Amino acid sequence: MEPGFNPCRFLPYVMMHEFEAMLFSDCDAFAQAIDRPDLAGSFQQVRALFDTPEDINDFPTTAPSKRIEALLPGYQKPLIGPAAVTEIGLHAIRTECLHFAEWLSRLERAVVR
């Protein structure tokens, strides 16, 4: 690192699996965001198989993005992902994704100092 680097201010986040896992934090909101309320139940079935959305990734072919693609052919992460996260909201994601929530809390504590 360069001179002046303060390691106390470096708080990396290592996502356990894929960004798409967070979309399973609120399956109804996810389905609404993509204008496919008919998929809410299917998303919820996936979510129910795991303790948290962050745990959804038991094999490369069943990673979160692959599960979404199977239900929503043509899924485009750059377009759909941000819209879905906006609809789902940070509160729901923090509530369901504890690893992510802890990192955000660390950031918040660092900013307050």
# chains A, B, ... in the order shown; residues from 1 in each chain; ligands from 1
>>> residues_around(residues="Leu71 in chain A", least_positions_apart="6", cutoff="10 Å", atoms="only C-alpha atoms", output="list in words")
Leu39, Ser42, Phe43 and Ser65 of chain A
>>> write_last_selection(atoms="C-alpha atoms", output="short mmCIF file (atom, residue, chain, number, x, y, z; two decimals), in the first residue's frame")
data_model
loop_
_atom_site.label_atom_id
_atom_site.label_comp_id
_atom_site.auth_asym_id
_atom_site.auth_seq_id
_atom_site.Cartn_x
_atom_site.Cartn_y
_atom_site.Cartn_z
CA LEU A 39 -42.83 -15.45 -10.05
CA SER A 42 -41.19 -19.59 -7.36
CA PHE A 43 -38.63 -17.20 -5.89
CA SER A 65 -28.25 -16.04 -11.11
#
>>> closest_residue(among="A:Asp38, A:Ala83, A:Pro7, A:Val46", to="Lys66 in chain A", atoms="only C-alpha atoms")
A:Val46
>>> select_by_dssp(residues="chain A", states="alpha helix (DSSP H)", output="ChimeraX atom specification")
/A:27-33,40-48,64-71,77-88,90-96,98-112
>>> write_last_selection(atoms="C-alpha atoms", output="JSON list (two decimals), in the first residue's frame")
[["chain", "number", "residue", "atom", "x", "y", "z"],
["A", 27, "CYS", "CA", -39.35, -12.41, -3.10],
["A", 28, "ASP", "CA", -42.58, -10.45, -3.46],
["A", 29, "ALA", "CA", -40.74, -7.15, -3.94],
["A", 30, "PHE", "CA", -38.33, -8.81, -6.36],
["A", 31, "ALA", "CA", -41.20, -10.14, -8.45],
["A", 32, "GLN", "CA", -42.94, -6.74, -8.39],
["A", 33, "ALA", "CA", -39.74, -4.96, -9.43],
["A", 40, "ALA", "CA", -42.99, -14.50, -6.35],
["A", 41, "GLY", "CA", -43.97, -18.02, -5.30],
["A", 42, "SER", "CA", -41.19, -19.59, -7.36],
["A", 43, "PHE", "CA", -38.63, -17.20, -5.89],
["A", 44, "GLN", "CA", -39.96, -18.00, -2.42],
["A", 45, "GLN", "CA", -39.58, -21.74, -3.06],
["A", 46, "VAL", "CA", -35.89, -21.19, -3.79],
["A", 47, "ARG", "CA", -35.50, -18.95, -0.73],
["A", 48, "ALA", "CA", -37.16, -21.51, 1.54],
["A", 64, "PRO", "CA", -28.62, -17.51, -7.61],
["A", 65, "SER", "CA", -28.25, -16.04, -11.11],
["A", 66, "LYS", "CA", -28.80, -19.45, -12.70],
["A", 67, "ARG", "CA", -31.94, -19.98, -10.62],
["A", 68, "ILE", "CA", -33.25, -16.58, -11.70],
["A", 69, "GLU", "CA", -32.39, -17.25, -15.35],
["A", 70, "ALA", "CA", -34.29, -20.55, -15.19],
["A", 71, "LEU", "CA", -37.39, -18.71, -14.01],
["A", 77, "LYS", "CA", -28.09, -8.44, -14.24],
["A", 78, "PRO", "CA", -27.11, -4.83, -15.10],
["A", 79, "LEU", "CA", -30.71, -3.84, -15.78],
["A", 80, "ILE", "CA", -32.85, -5.98, -13.52],
["A", 81, "GLY", "CA", -30.58, -6.29, -10.48],
["A", 82, "PRO", "CA", -30.43, -2.59, -9.53],
["A", 83, "ALA", "CA", -34.16, -2.11, -10.14],
["A", 84, "ALA", "CA", -34.95, -5.10, -7.95],
["A", 85, "VAL", "CA", -32.64, -3.96, -5.15],
["A", 86, "THR", "CA", -34.31, -0.55, -5.18],
["A", 87, "GLU", "CA", -37.72, -2.16, -4.80],
["A", 88, "ILE", "CA", -36.56, -4.66, -2.15],
["A", 90, "LEU", "CA", -31.82, -1.94, 2.14],
["A", 91, "HIS", "CA", -33.78, -2.76, 5.30],
["A", 92, "ALA", "CA", -35.02, -6.09, 3.91],
["A", 93, "ILE", "CA", -31.58, -7.00, 2.59],
["A", 94, "ARG", "CA", -29.93, -6.18, 5.91],
["A", 95, "THR", "CA", -32.55, -8.20, 7.78],
["A", 96, "GLU", "CA", -32.09, -11.28, 5.60],
["A", 98, "LEU", "CA", -26.56, -10.94, 8.02],
["A", 99, "HIS", "CA", -23.03, -11.12, 6.60],
["A", 100, "PHE", "CA", -23.78, -8.06, 4.46],
["A", 101, "ALA", "CA", -25.53, -6.33, 7.37],
["A", 102, "GLU", "CA", -22.50, -6.76, 9.61],
["A", 103, "TRP", "CA", -20.24, -5.20, 6.99],
["A", 104, "LEU", "CA", -22.58, -2.22, 6.62],
["A", 105, "SER", "CA", -22.63, -1.81, 10.40],
["A", 106, "ARG", "CA", -18.82, -1.80, 10.45],
["A", 107, "LEU", "CA", -18.82, 0.91, 7.79],
["A", 108, "GLU", "CA", -21.34, 2.96, 9.72],
["A", 109, "ARG", "CA", -19.29, 2.69, 12.90],
["A", 110, "ALA", "CA", -16.14, 3.73, 11.01],
["A", 111, "VAL", "CA", -17.85, 6.82, 9.60],
["A", 112, "VAL", "CA", -19.10, 7.90, 13.02]]
>>> closest_residue(among="A:Gly89, A:Phe24, A:Pro37, A:His17", to="Phe59 in chain A", atoms="only C-alpha atoms")
A:His17
>>> residues_around(residues="Ala21 in chain A", least_positions_apart="6", cutoff="9 Å", atoms="only C-alpha atoms", output="ChimeraX atom specification")
/A:52-57,63-65,97
>>> write_last_selection(atoms="N, CA, C and O atoms", output="compact mmCIF listing (two decimals), in the first residue's frame")
# COMPACT_ATOMS: atom_id res chain seq x y z
N THR A 52 -30.45 -18.46 4.77
CA THR A 52 -30.44 -17.05 4.40
C THR A 52 -30.25 -16.95 2.89
O THR A 52 -29.73 -17.88 2.26
N PRO A 53 -30.61 -15.83 2.31
CA PRO A 53 -30.34 -15.66 0.87
C PRO A 53 -28.85 -15.80 0.55
O PRO A 53 -28.50 -16.28 -0.52
N GLU A 54 -28.00 -15.38 1.47
CA GLU A 54 -26.55 -15.47 1.22
C GLU A 54 -26.07 -16.91 1.06
O GLU A 54 -25.00 -17.13 0.51
N ASP A 55 -26.84 -17.86 1.52
CA ASP A 55 -26.46 -19.27 1.42
C ASP A 55 -26.86 -19.91 0.10
O ASP A 55 -26.50 -21.05 -0.17
N ILE A 56 -27.61 -19.21 -0.73
CA ILE A 56 -28.09 -19.78 -1.98
C ILE A 56 -26.92 -19.90 -2.95
O ILE A 56 -26.51 -18.93 -3.58
N ASN A 57 -26.35 -21.06 -3.04
CA ASN A 57 -25.27 -21.33 -3.99
C ASN A 57 -24.72 -22.71 -3.70
O ASN A 57 -23.65 -22.83 -3.14
N ALA A 63 -26.51 -21.64 -8.93
CA ALA A 63 -26.17 -20.37 -8.27
C ALA A 63 -27.38 -19.44 -8.39
O ALA A 63 -28.27 -19.67 -9.21
N PRO A 64 -27.46 -18.40 -7.57
CA PRO A 64 -28.62 -17.51 -7.61
C PRO A 64 -28.96 -17.00 -9.01
O PRO A 64 -30.12 -17.02 -9.41
N SER A 65 -27.96 -16.55 -9.77
CA SER A 65 -28.25 -16.04 -11.11
C SER A 65 -28.80 -17.13 -12.02
O SER A 65 -29.69 -16.87 -12.84
N CYS A 97 -29.77 -10.77 5.05
CA CYS A 97 -28.37 -11.08 4.71
C CYS A 97 -27.46 -10.56 5.82
O CYS A 97 -26.94 -9.44 5.75
>>> closest_residue(among="A:Pro73, A:Phe50, A:Asp58, A:Pro12", to="Ser25 in chain A", atoms="only C-alpha atoms")
A:Phe50
>>> atom_distance(atom1="CA of Met16 in chain A", atom2="CA of Thr62 in chain A")
14.7 Å
>>> closest_residue(among="A:Pro3, A:Arg9, A:Pro60, A:Ile34", to="Gly74 in chain A", atoms="only C-alpha atoms")
A:Ile34
